[in-house]
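data31.txt follows (compact mmCIF, C-alpha atoms):
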```txt
# COMPACT_ATOMS: atom_id res chain seq x y z
CA MET Z 11 -7.21 2.82 1.84
CA SER Z 12 -10.50 3.97 3.34
CA ASN Z 13 -11.17 7.37 4.95
CA GLY Z 14 -11.38 5.36 8.16
CA VAL Z 15 -7.60 5.55 8.58
CA GLU Z 16 -7.57 9.34 8.40
CA TRP Z 17 -10.49 9.57 10.84
CA ALA Z 18 -9.07 7.03 13.28
CA VAL Z 19 -5.64 8.67 13.43
CA HIS Z 20 -7.16 12.12 14.02
CA CYS Z 21 -9.41 10.70 16.75
CA CYS Z 22 -6.49 9.01 18.53
CA VAL Z 23 -4.64 12.35 18.59
CA VAL Z 24 -7.72 14.04 20.09
CA LEU Z 25 -8.08 11.27 22.69
CA SER Z 26 -4.40 11.61 23.59
CA GLU Z 27 -4.94 15.29 24.40
CA ALA Z 28 -8.38 15.08 26.04
CA GLU Z 29 -8.77 15.17 29.82
CA GLY Z 30 -11.32 12.36 29.94
CA PRO Z 31 -13.35 10.02 27.73
CA VAL Z 32 -14.77 11.52 24.52
CA SER Z 33 -18.01 10.21 22.99
CA THR Z 34 -18.37 9.15 19.36
CA HIS Z 35 -20.85 12.01 18.92
CA ARG Z 36 -18.32 14.60 20.12
CA LEU Z 37 -15.47 13.13 18.05
CA ALA Z 38 -17.71 13.20 14.96
CA GLU Z 39 -18.83 16.75 15.72
CA PHE Z 40 -15.25 17.94 16.20
CA HIS Z 41 -14.14 16.51 12.85
CA GLU Z 42 -17.49 17.12 11.09
CA ILE Z 43 -17.72 13.52 9.93
CA SER Z 44 -20.44 10.85 9.96
CA PRO Z 45 -21.03 9.53 13.52
CA THR Z 46 -22.37 6.27 12.09
CA TYR Z 47 -19.24 5.46 10.10
CA LEU Z 48 -16.98 6.81 12.82
CA ALA Z 49 -18.65 4.48 15.36
CA LYS Z 50 -17.65 1.54 13.18
CA HIS Z 51 -14.02 2.69 13.05
CA LEU Z 52 -13.86 3.33 16.79
CA GLN Z 53 -15.11 -0.21 17.33
CA GLN Z 54 -12.25 -1.43 15.10
CA LEU Z 55 -9.80 0.49 17.32
CA ALA Z 56 -11.42 -1.04 20.40
CA ARG Z 57 -11.15 -4.56 18.95
CA ALA Z 58 -7.45 -3.92 18.33
CA GLY Z 59 -7.08 -2.91 21.99
CA LEU Z 60 -6.10 0.71 21.26
CA VAL Z 61 -9.14 2.41 22.79
CA ALA Z 62 -11.62 1.41 25.48
CA SER Z 63 -15.23 2.43 25.84
CA ILE Z 64 -16.22 3.91 29.22
CA GLU Z 65 -19.91 3.67 30.08
CA GLY Z 66 -22.03 6.35 31.69
CA ARG Z 67 -23.12 9.96 31.33
CA SER Z 68 -19.59 11.35 30.89
CA GLY Z 69 -18.48 8.17 29.13
CA GLY Z 70 -16.87 7.73 25.76
CA TYR Z 71 -13.59 6.49 24.40
CA THR Z 72 -10.11 6.72 25.92
CA LEU Z 73 -6.76 5.41 24.76
CA THR Z 74 -5.79 2.19 26.57
CA ARG Z 75 -2.14 3.13 26.82
CA ALA Z 76 0.17 6.14 26.65
CA ALA Z 77 0.19 7.97 23.30
CA HIS Z 78 3.90 7.33 22.85
CA ARG Z 79 3.14 3.60 22.93
CA ILE Z 80 0.61 3.69 20.07
CA THR Z 81 2.13 3.84 16.60
CA VAL Z 82 0.49 4.95 13.39
CA PHE Z 83 0.93 1.37 12.18
CA ASP Z 84 -1.14 0.11 15.15
CA ILE Z 85 -4.00 2.35 14.02
CA VAL Z 86 -3.69 1.65 10.29
CA SER Z 87 -3.64 -2.11 10.86
CA ALA Z 88 -6.62 -1.87 13.23
CA ILE Z 89 -8.64 -0.29 10.42
CA GLU Z 90 -7.22 -1.95 7.30
CA GLY Z 91 -6.04 -5.30 8.64
CA ARG Z 92 -2.54 -6.72 8.52
CA GLU Z 93 -2.61 -8.39 5.14
CA SER Z 94 0.00 -7.49 2.57
CA SER Z 95 -1.20 -5.31 -0.29
CA PHE Z 96 0.37 -7.88 -2.64
CA ARG Z 97 -1.11 -11.32 -3.06
CA CYS Z 98 1.07 -13.96 -4.65
CA SER Z 99 -1.02 -16.51 -6.53
CA GLU Z 100 2.07 -18.67 -7.19
CA ILE Z 101 1.90 -18.48 -10.98
CA ARG Z 102 5.47 -19.80 -11.00
CA GLN Z 103 3.90 -23.23 -10.34
CA ASN Z 104 1.78 -22.97 -13.52
CA GLY Z 105 2.37 -23.83 -17.15
CA PRO Z 106 4.83 -25.99 -19.05
CA LEU Z 107 7.85 -25.24 -16.78
CA PRO Z 108 6.52 -25.10 -13.23
CA ALA Z 109 8.93 -24.21 -10.41
CA SER Z 110 10.13 -27.29 -8.50
CA ARG Z 111 8.97 -28.22 -5.02
CA THR Z 112 12.43 -27.38 -3.70
CA ALA Z 113 12.30 -23.89 -5.23
CA CYS Z 114 8.80 -23.40 -3.78
CA ARG Z 115 9.98 -23.94 -0.21
CA ARG Z 116 10.79 -20.22 -0.29
CA ALA Z 117 8.35 -17.52 -1.31
CA CYS Z 118 8.66 -16.52 -4.98
CA GLY Z 119 11.46 -14.00 -5.59
CA ILE Z 120 8.94 -11.52 -6.94
CA ALA Z 121 6.70 -11.86 -3.87
CA ARG Z 122 9.74 -11.40 -1.61
CA VAL Z 123 10.45 -8.04 -3.24
CA MET Z 124 6.84 -6.96 -2.77
CA TYR Z 125 6.83 -8.11 0.88
CA ALA Z 126 10.09 -6.24 1.53
CA ALA Z 127 8.45 -3.06 0.23
CA ASP Z 128 5.44 -3.68 2.49
CA LYS Z 129 7.84 -4.09 5.40
CA ALA Z 130 9.49 -0.76 4.57
CA TRP Z 131 6.03 0.85 4.60
CA ARG Z 132 5.09 -0.78 7.91
CA ASP Z 133 8.43 0.11 9.51
CA SER Z 134 7.95 3.73 8.47
CA LEU Z 135 4.51 3.82 10.15
CA LYS Z 136 5.85 1.97 13.21
CA GLY Z 137 8.40 4.73 13.68
CA VAL Z 138 5.76 7.38 14.43
CA THR Z 139 3.59 7.45 17.55
CA VAL Z 140 0.37 9.29 18.39
CA SER Z 141 2.47 11.40 20.71
CA ASP Z 142 4.77 12.39 17.80
CA LEU Z 143 1.71 13.33 15.74
CA ALA Z 144 0.31 15.50 18.50
CA ALA Z 145 3.65 17.32 18.71
CA THR Z 146 3.69 17.84 14.92
CA ILE Z 147 0.12 19.14 14.88
CA GLU Z 148 0.90 21.53 17.72
CA MET Z 149 3.97 22.74 15.83
CA ASP Z 150 1.93 23.29 12.64
CA ALA Z 151 -1.19 24.77 14.23
CA GLY Z 152 0.21 26.74 17.17
CA PRO Z 153 1.00 26.28 20.86
CA HIS Z 154 -2.60 26.65 22.16
CA THR Z 155 -4.19 24.19 19.73
CA PHE Z 156 -4.84 21.51 22.34
CA ASP Z 157 -5.86 24.02 25.05
CA LYS Z 158 -8.61 25.13 22.67
CA LEU Z 159 -9.51 21.51 22.00
CA ARG Z 160 -9.78 20.79 25.74
CA ALA Z 161 -11.87 23.90 26.28
CA TRP Z 162 -14.22 22.84 23.49
CA LEU Z 163 -14.43 19.28 24.83
CA GLY Z 164 -15.27 20.71 28.27
CA GLY Z 165 -18.16 22.74 26.84
CA GLU Z 166 -21.72 21.67 26.11
CA PRO Z 167 -22.35 19.21 23.25
CA ALA Z 168 -24.36 20.62 20.33
CA MET O 1 -3.48 -4.66 -5.41
CA SER O 2 -4.72 -6.64 -8.41
CA ASN O 3 -3.22 -9.90 -9.76
CA GLY O 4 -2.12 -7.74 -12.66
CA VAL O 5 1.00 -6.70 -10.78
CA GLU O 6 2.12 -10.30 -10.24
CA TRP O 7 1.39 -11.17 -13.88
CA ALA O 8 3.10 -8.08 -15.27
CA VAL O 9 6.27 -8.56 -13.23
CA HIS O 10 6.56 -12.23 -14.23
CA CYS O 11 6.01 -11.30 -17.89
CA CYS O 12 8.72 -8.62 -17.79
CA VAL O 13 11.17 -11.20 -16.42
CA VAL O 14 10.25 -13.60 -19.25
CA LEU O 15 10.64 -10.82 -21.85
CA SER O 16 14.03 -9.92 -20.39
CA GLU O 17 15.23 -13.48 -20.97
CA ALA O 18 13.54 -14.17 -24.31
CA GLU O 19 15.49 -14.00 -27.59
CA GLY O 20 12.76 -12.11 -29.46
CA PRO O 21 9.22 -10.77 -29.11
CA VAL O 22 6.75 -12.95 -27.19
CA SER O 23 3.02 -12.87 -27.97
CA THR O 24 0.31 -12.35 -25.38
CA HIS O 25 -0.91 -15.86 -26.16
CA ARG O 26 2.50 -17.40 -25.39
CA LEU O 27 2.96 -15.34 -22.20
CA ALA O 28 -0.51 -16.42 -21.03
CA GLU O 29 0.21 -20.04 -21.91
CA PHE O 30 3.54 -20.02 -20.10
CA HIS O 31 1.98 -18.66 -16.90
CA GLU O 32 -1.36 -20.47 -17.36
CA ILE O 33 -3.33 -17.24 -16.94
CA SER O 34 -6.19 -15.57 -18.82
CA PRO O 35 -4.97 -14.13 -22.17
CA THR O 36 -7.83 -11.61 -22.13
CA TYR O 37 -6.88 -10.10 -18.79
CA LEU O 38 -3.18 -10.38 -19.54
CA ALA O 39 -3.67 -8.43 -22.80
CA LYS O 40 -5.10 -5.57 -20.76
CA HIS O 41 -2.11 -5.55 -18.42
CA LEU O 42 0.41 -5.73 -21.28
CA GLN O 43 -1.32 -2.69 -22.80
CA GLN O 44 -0.84 -0.89 -19.47
CA LEU O 45 2.88 -1.73 -19.63
CA ALA O 46 2.99 -0.46 -23.22
CA ARG O 47 1.25 2.81 -22.26
CA ALA O 48 3.88 3.28 -19.54
CA GLY O 49 6.59 2.80 -22.18
CA LEU O 50 8.03 -0.37 -20.63
CA VAL O 51 7.16 -2.78 -23.45
CA ALA O 52 6.55 -2.33 -27.16
CA SER O 53 4.37 -4.36 -29.45
CA ILE O 54 6.04 -5.72 -32.61
CA GLU O 55 3.67 -6.54 -35.47
CA GLY O 56 3.86 -9.57 -37.74
CA ARG O 57 3.96 -13.35 -37.71
CA SER O 58 6.78 -13.64 -35.16
CA GLY O 59 5.63 -10.46 -33.41
CA GLY O 60 4.72 -9.89 -29.80
CA TYR O 61 6.01 -7.83 -26.92
CA THR O 62 9.58 -6.83 -26.10
CA LEU O 63 11.02 -4.66 -23.35
CA THR O 64 11.80 -1.14 -24.58
CA ARG O 65 14.98 -0.87 -22.54
CA ALA O 66 17.55 -3.02 -20.75
CA ALA O 67 16.19 -5.08 -17.86
CA HIS O 68 18.51 -3.39 -15.38
CA ARG O 69 16.84 -0.08 -16.29
CA ILE O 70 13.30 -1.23 -15.45
CA THR O 71 12.46 -1.25 -11.75
CA VAL O 72 9.69 -3.14 -10.00
CA PHE O 73 8.22 0.26 -9.15
CA ASP O 74 8.00 1.10 -12.88
CA ILE O 75 5.89 -2.02 -13.40
CA VAL O 76 3.74 -1.63 -10.28
CA SER O 77 2.94 1.99 -11.10
CA ALA O 78 2.16 1.09 -14.74
CA ILE O 79 -0.51 -1.32 -13.47
CA GLU O 80 -1.77 0.36 -10.30
CA GLY O 81 -1.14 4.04 -11.03
CA ARG O 82 0.96 6.46 -9.06
CA GLU O 83 -1.58 7.66 -6.54
CA SER O 84 -0.83 7.36 -2.85
CA SER O 85 -2.73 4.63 -1.02
CA PHE O 86 -3.71 7.30 1.52
CA ARG O 87 -6.14 10.05 0.65
CA CYS O 88 -6.24 13.06 2.93
CA SER O 89 -9.69 14.62 2.97
CA GLU O 90 -8.42 17.55 5.07
CA ILE O 91 -10.69 16.93 8.06
CA ARG O 92 -8.42 19.27 10.02
CA GLN O 93 -10.29 22.10 8.22
CA ASN O 94 -13.65 20.88 9.59
CA GLY O 95 -15.58 21.48 12.76
CA PRO O 96 -15.51 24.10 15.50
CA LEU O 97 -11.70 24.55 15.52
CA PRO O 98 -10.58 24.37 11.89
CA ALA O 99 -6.85 24.59 11.11
CA SER O 100 -5.81 28.06 9.98
CA ARG O 101 -4.93 28.94 6.38
CA THR O 102 -1.31 29.35 7.42
CA ALA O 103 -1.21 25.86 8.93
CA CYS O 104 -2.84 24.47 5.79
CA ARG O 105 -0.05 25.72 3.53
CA ARG O 106 1.67 22.44 4.45
CA ALA O 107 0.08 19.03 4.12
CA CYS O 108 -1.53 17.81 7.36
CA GLY O 109 1.02 16.23 9.73
CA ILE O 110 -0.91 12.97 9.60
CA ALA O 111 -0.90 12.90 5.79
CA ARG O 112 2.84 13.65 5.80
CA VAL O 113 3.47 10.52 7.87
CA MET O 114 1.36 8.44 5.49
CA TYR O 115 3.12 9.89 2.43
CA ALA O 116 6.54 9.21 4.00
CA ALA O 117 5.53 5.55 4.42
CA ASP O 118 4.39 5.44 0.78
CA LYS O 119 7.76 6.87 -0.22
CA ALA O 120 9.55 4.15 1.76
CA TRP O 121 7.47 1.56 -0.13
CA ARG O 122 8.19 3.15 -3.51
CA ASP O 123 11.92 3.50 -2.75
CA SER O 124 12.06 -0.17 -1.82
CA LEU O 125 10.49 -1.15 -5.17
CA LYS O 126 12.70 1.32 -7.05
CA GLY O 127 15.75 -0.46 -5.65
CA VAL O 128 15.01 -3.70 -7.52
CA THR O 129 15.22 -4.13 -11.30
CA VAL O 130 13.87 -6.78 -13.66
CA SER O 131 17.45 -7.88 -14.08
CA ASP O 132 17.79 -8.40 -10.29
CA LEU O 133 14.57 -10.44 -10.32
CA ALA O 134 15.82 -12.65 -13.14
CA ALA O 135 19.01 -13.32 -11.16
CA THR O 136 16.99 -14.18 -8.04
CA ILE O 137 14.69 -16.52 -9.95
CA GLU O 138 17.68 -18.26 -11.53
CA MET O 139 19.25 -18.63 -8.10
CA ASP O 140 16.02 -20.11 -6.66
CA ALA O 141 15.08 -22.31 -9.61
CA GLY O 142 18.44 -23.44 -10.93
CA PRO O 143 21.04 -22.39 -13.52
CA HIS O 144 19.20 -23.74 -16.60
CA THR O 145 15.85 -22.13 -15.83
CA PHE O 146 16.06 -19.55 -18.60
CA ASP O 147 17.63 -21.96 -21.10
CA LYS O 148 14.52 -24.10 -20.68
CA LEU O 149 12.34 -21.01 -21.04
CA ARG O 150 14.09 -20.04 -24.29
CA ALA O 151 13.80 -23.59 -25.62
CA TRP O 152 10.07 -23.58 -24.86
CA LEU O 153 9.60 -20.15 -26.42
CA GLY O 154 11.42 -21.40 -29.53
CA GLY O 155 9.04 -24.36 -29.85
CA GLU O 156 5.63 -24.52 -31.47
CA PRO O 157 2.71 -22.68 -29.79
CA ALA O 158 -0.06 -24.94 -28.46
```

I'd like the structure from this file rewritten - as structure tokens, please.
Amino acid sequence: MSNGVEWAVHCCVVLSEAEGPVSTHRLAEFHEISPTYLAKHLQQLARAGLVASIEGRSGGYTLTRAAHRITVFDIVSAIEGRESSFRCSEIRQNGPLPASRTACRRACGIARVMYAADKAWRDSLKGVTVSDLAATIEMDAGPHTFDKLRAWLGGEPA
Amino acid sequence: MSNGVEWAVHCCVVLSEAEGPVSTHRLAEFHEISPTYLAKHLQQLARAGLVASIEGRSGGYTLTRAAHRITVFDIVSAIEGRESSFRCSEIRQNGPLPASRTACRRACGIARVMYAADKAWRDSLKGVTVSDLAATIEMDAGPHTFDKLRAWLGGEPA
């Protein structure tokens, strides 16, 4: 998994706590990460409909819906795609004793086990929202964490 | 995830149903896959202690323990390693408002969510054994599937 997931999730939490749009430059500055690569990941979030870009002098990105309606899975799949980590190449159909057509109407038993594990992973990520993450971060880092963030966002860009 | 996982799981099922050691050549022939690449993956299984190599004319690989004591997770981690798919680069420690040392005693809340999803994936794969897979394959492919396999394995190599 690329760093993009980590960056994108952190940015969504920041956007959920900001008072207005936040530019790519400011998000990159806040997390001390490459604005060029971050721009690419924010565009992936926009394509997935999770953030929108607001034009103009005080423009930037905002979330398109409430933070409790965006799950970690939404963000991860925006960045990494929705494909399973396992690819079945149907080797059961190979060799001297290939599986029958009837048997092959269902996915291979081995692939089914891998897909079930992928589903468990997805379900776990679907069970946590950006709003939950913000609450966790506030619990870990202290009650004024997001006040400080908002104050910094309201200040002058470097 | 590489094709190696698919190959390795199929091979473990074959070994669980074979009457004696099976050579890399025969396993590759049965699945119509590259013996060179398969050899590499069988060595990974051997390093993880799941299969052992028996020398000699009728030598080859065998499972080192009963099929109901080898989980799909054992095989997947032998091939792909045990690292999490998510790597936290601790960006919470960056920028103008870095997380405090106290906060950083625990993993970042975002990483914890990703690790919990990885655990759900691992637990799902730990819940299925090679013996379960063999039963599933027999159910899908018919009651004489492994009799045919054993007959083929007992025949002359190509």

- Looking at all atoms listed in the file, which of Z:Trp162, Z:Phe83, Z:Phe40, Z:Tyr125 is the one that sits closest to chain O? Z:Phe40

Where does chain O meet chain Z within 7 Å, residue by residue, with the nearest atom pair and distance in Å to one decimal for each, counting only C-alpha atoms, listed by chain and rising number, as CSV?
```
residue,atom,partner,partner_atom,distance
O:Met1,CA,Z:Ser95,CA,5.6
O:Glu6,CA,Z:Cys98,CA,6.8
O:Glu29,CA,Z:Gly105,CA,6.5
O:Phe30,CA,Z:Gly105,CA,5.0
O:His31,CA,Z:Gly105,CA,5.2
O:Glu32,CA,Z:Gly105,CA,5.0
O:Ser85,CA,Z:Met11,CA,5.6
O:Phe86,CA,Z:Met11,CA,5.7
O:Cys88,CA,Z:Glu16,CA,6.7
O:Ile91,CA,Z:His41,CA,5.9
O:Arg92,CA,Z:His41,CA,7.0
O:Asn94,CA,Z:His41,CA,5.5
O:Gly95,CA,Z:Phe40,CA,4.9
O:Pro96,CA,Z:Phe40,CA,6.2
O:Ala99,CA,Z:Ala151,CA,6.5
O:Ala103,CA,Z:Ala151,CA,5.4
O:Gly109,CA,Z:Ile147,CA,6.0
O:Ile110,CA,Z:Leu143,CA,6.7
O:Ala117,CA,Z:Trp131,CA,4.7
O:Asp118,CA,Z:Trp131,CA,6.2
O:Ala120,CA,Z:Trp131,CA,5.6
O:Trp121,CA,Z:Ala127,CA,4.7
O:Ser124,CA,Z:Ala127,CA,5.1
O:Leu125,CA,Z:Ala127,CA,6.1
O:Leu133,CA,Z:Ile120,CA,6.7
O:Thr136,CA,Z:Gly119,CA,6.1
O:Ile137,CA,Z:Gly119,CA,6.0
O:Asp140,CA,Z:Ala113,CA,5.5
O:Ala141,CA,Z:Ala113,CA,5.4
```

- Message: Calculated over only C-alpha atoms, which of the candidates O:Pro35, O:Arg47, O:Glu55, O:Ser131 has the smallest distance to Ile70 of chain O?
- Response: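 Smallest separation from Ile70 of chain O among the options: O:Ser131.
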
Give the superposed chain Z as a short mmCIF file (atom, residue, chain, number, x, y, z; two decimals) with C-alpha atoms, in the coordinates of the input, the fit being least squares on chain O over all ordered C-alpha pairs.
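Saved result, out-v8.cif, follows:
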```cif
data_model
loop_
_atom_site.label_atom_id
_atom_site.label_comp_id
_atom_site.auth_asym_id
_atom_site.auth_seq_id
_atom_site.Cartn_x
_atom_site.Cartn_y
_atom_site.Cartn_z
CA MET Z 11 -3.47 -4.71 -5.39
CA SER Z 12 -4.71 -6.66 -8.40
CA ASN Z 13 -3.23 -9.91 -9.74
CA GLY Z 14 -2.14 -7.75 -12.66
CA VAL Z 15 1.01 -6.71 -10.77
CA GLU Z 16 2.10 -10.31 -10.22
CA TRP Z 17 1.40 -11.18 -13.86
CA ALA Z 18 3.10 -8.09 -15.27
CA VAL Z 19 6.27 -8.56 -13.22
CA HIS Z 20 6.54 -12.23 -14.22
CA CYS Z 21 6.00 -11.30 -17.88
CA CYS Z 22 8.71 -8.62 -17.79
CA VAL Z 23 11.17 -11.20 -16.42
CA VAL Z 24 10.25 -13.59 -19.24
CA LEU Z 25 10.64 -10.82 -21.84
CA SER Z 26 14.03 -9.91 -20.38
CA GLU Z 27 15.24 -13.47 -20.97
CA ALA Z 28 13.55 -14.17 -24.32
CA GLU Z 29 15.48 -13.99 -27.58
CA GLY Z 30 12.77 -12.11 -29.46
CA PRO Z 31 9.23 -10.75 -29.10
CA VAL Z 32 6.76 -12.94 -27.18
CA SER Z 33 3.02 -12.86 -27.97
CA THR Z 34 0.31 -12.35 -25.37
CA HIS Z 35 -0.92 -15.86 -26.16
CA ARG Z 36 2.48 -17.41 -25.39
CA LEU Z 37 2.96 -15.35 -22.21
CA ALA Z 38 -0.50 -16.42 -21.02
CA GLU Z 39 0.20 -20.05 -21.91
CA PHE Z 40 3.54 -20.01 -20.09
CA HIS Z 41 1.98 -18.66 -16.89
CA GLU Z 42 -1.38 -20.46 -17.36
CA ILE Z 43 -3.34 -17.25 -16.93
CA SER Z 44 -6.19 -15.56 -18.82
CA PRO Z 45 -4.97 -14.13 -22.17
CA THR Z 46 -7.82 -11.61 -22.13
CA TYR Z 47 -6.88 -10.08 -18.79
CA LEU Z 48 -3.18 -10.38 -19.53
CA ALA Z 49 -3.68 -8.43 -22.79
CA LYS Z 50 -5.11 -5.57 -20.75
CA HIS Z 51 -2.10 -5.54 -18.41
CA LEU Z 52 0.40 -5.71 -21.27
CA GLN Z 53 -1.32 -2.70 -22.80
CA GLN Z 54 -0.85 -0.89 -19.46
CA LEU Z 55 2.88 -1.72 -19.62
CA ALA Z 56 2.98 -0.46 -23.21
CA ARG Z 57 1.25 2.81 -22.25
CA ALA Z 58 3.87 3.28 -19.52
CA GLY Z 59 6.59 2.82 -22.16
CA LEU Z 60 8.02 -0.37 -20.62
CA VAL Z 61 7.16 -2.76 -23.45
CA ALA Z 62 6.55 -2.31 -27.17
CA SER Z 63 4.36 -4.36 -29.46
CA ILE Z 64 6.05 -5.71 -32.60
CA GLU Z 65 3.70 -6.54 -35.47
CA GLY Z 66 3.88 -9.57 -37.73
CA ARG Z 67 3.97 -13.35 -37.70
CA SER Z 68 6.79 -13.62 -35.14
CA GLY Z 69 5.62 -10.45 -33.41
CA GLY Z 70 4.73 -9.88 -29.80
CA TYR Z 71 6.01 -7.83 -26.92
CA THR Z 72 9.59 -6.82 -26.09
CA LEU Z 73 11.02 -4.66 -23.34
CA THR Z 74 11.81 -1.13 -24.57
CA ARG Z 75 14.99 -0.86 -22.55
CA ALA Z 76 17.56 -3.01 -20.75
CA ALA Z 77 16.19 -5.07 -17.85
CA HIS Z 78 18.51 -3.37 -15.39
CA ARG Z 79 16.83 -0.07 -16.29
CA ILE Z 80 13.29 -1.23 -15.45
CA THR Z 81 12.46 -1.26 -11.75
CA VAL Z 82 9.70 -3.15 -10.00
CA PHE Z 83 8.22 0.25 -9.14
CA ASP Z 84 8.00 1.10 -12.87
CA ILE Z 85 5.89 -2.02 -13.39
CA VAL Z 86 3.73 -1.64 -10.28
CA SER Z 87 2.94 1.99 -11.10
CA ALA Z 88 2.15 1.08 -14.72
CA ILE Z 89 -0.51 -1.33 -13.47
CA GLU Z 90 -1.78 0.36 -10.29
CA GLY Z 91 -1.15 4.03 -11.03
CA ARG Z 92 0.97 6.44 -9.05
CA GLU Z 93 -1.57 7.65 -6.53
CA SER Z 94 -0.82 7.35 -2.85
CA SER Z 95 -2.72 4.62 -1.02
CA PHE Z 96 -3.70 7.30 1.53
CA ARG Z 97 -6.12 10.05 0.65
CA CYS Z 98 -6.23 13.05 2.93
CA SER Z 99 -9.69 14.62 2.96
CA GLU Z 100 -8.42 17.55 5.07
CA ILE Z 101 -10.70 16.93 8.05
CA ARG Z 102 -8.43 19.28 10.01
CA GLN Z 103 -10.29 22.11 8.21
CA ASN Z 104 -13.66 20.88 9.56
CA GLY Z 105 -15.60 21.50 12.74
CA PRO Z 106 -15.52 24.11 15.48
CA LEU Z 107 -11.70 24.57 15.49
CA PRO Z 108 -10.59 24.39 11.87
CA ALA Z 109 -6.86 24.58 11.09
CA SER Z 110 -5.80 28.06 9.93
CA ARG Z 111 -4.93 28.94 6.35
CA THR Z 112 -1.30 29.36 7.39
CA ALA Z 113 -1.21 25.86 8.91
CA CYS Z 114 -2.84 24.46 5.75
CA ARG Z 115 -0.04 25.70 3.51
CA ARG Z 116 1.67 22.43 4.43
CA ALA Z 117 0.08 19.02 4.11
CA CYS Z 118 -1.51 17.79 7.35
CA GLY Z 119 1.02 16.21 9.73
CA ILE Z 120 -0.90 12.95 9.61
CA ALA Z 121 -0.90 12.89 5.80
CA ARG Z 122 2.85 13.63 5.79
CA VAL Z 123 3.47 10.51 7.87
CA MET Z 124 1.37 8.42 5.50
CA TYR Z 125 3.13 9.88 2.43
CA ALA Z 126 6.54 9.19 4.00
CA ALA Z 127 5.53 5.54 4.42
CA ASP Z 128 4.40 5.42 0.78
CA LYS Z 129 7.77 6.86 -0.21
CA ALA Z 130 9.56 4.13 1.76
CA TRP Z 131 7.47 1.54 -0.11
CA ARG Z 132 8.19 3.13 -3.49
CA ASP Z 133 11.91 3.49 -2.75
CA SER Z 134 12.06 -0.19 -1.81
CA LEU Z 135 10.48 -1.16 -5.16
CA LYS Z 136 12.70 1.31 -7.04
CA GLY Z 137 15.75 -0.46 -5.65
CA VAL Z 138 15.02 -3.70 -7.52
CA THR Z 139 15.23 -4.12 -11.29
CA VAL Z 140 13.87 -6.77 -13.65
CA SER Z 141 17.45 -7.88 -14.08
CA ASP Z 142 17.79 -8.40 -10.29
CA LEU Z 143 14.58 -10.45 -10.32
CA ALA Z 144 15.81 -12.65 -13.13
CA ALA Z 145 19.01 -13.31 -11.17
CA THR Z 146 16.99 -14.18 -8.04
CA ILE Z 147 14.69 -16.52 -9.95
CA GLU Z 148 17.67 -18.24 -11.54
CA MET Z 149 19.25 -18.63 -8.10
CA ASP Z 150 16.03 -20.11 -6.66
CA ALA Z 151 15.07 -22.31 -9.61
CA GLY Z 152 18.44 -23.44 -10.96
CA PRO Z 153 21.05 -22.38 -13.52
CA HIS Z 154 19.21 -23.71 -16.63
CA THR Z 155 15.84 -22.13 -15.85
CA PHE Z 156 16.04 -19.53 -18.61
CA ASP Z 157 17.63 -21.94 -21.13
CA LYS Z 158 14.52 -24.09 -20.70
CA LEU Z 159 12.34 -21.01 -21.06
CA ARG Z 160 14.09 -20.03 -24.30
CA ALA Z 161 13.80 -23.56 -25.63
CA TRP Z 162 10.08 -23.58 -24.86
CA LEU Z 163 9.60 -20.14 -26.43
CA GLY Z 164 11.41 -21.40 -29.55
CA GLY Z 165 9.04 -24.36 -29.87
CA GLU Z 166 5.61 -24.53 -31.47
CA PRO Z 167 2.70 -22.69 -29.78
CA ALA Z 168 -0.07 -24.95 -28.45
#
```

- Suppose you want the space between atom CA of Pro157 of chain O and atom CA of Ala46 of chain O; what is it in Å?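 Distance reported for this atom pair: 23.2 Å.
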
- Gly20 of chain O surroundings by all atoms listed in the file, 12 Å radius, close-in-sequence under 4 positions cut, as a list in words: Val14, Leu15, Ser16, Ala52, Ser53, Ile54, Ser58, Gly59, Gly60, Tyr61, Thr62, Leu63, Arg150, Leu153 and Gly154 of chain O

- Task: One decimal, Å: what's the distance from atom CA of Ala18 of chain Z over to atom CA of Ala49 of chain Z, could you say?
- Result: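 If I compute the distance from atom CA of Ala18 of chain Z to atom CA of Ala49 of chain Z, I get 10.1 Å.
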
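Across the structure, atom CA of Ala78 of chain O and atom CA of Phe146 of chain O are spaced 25.2 Å apart.
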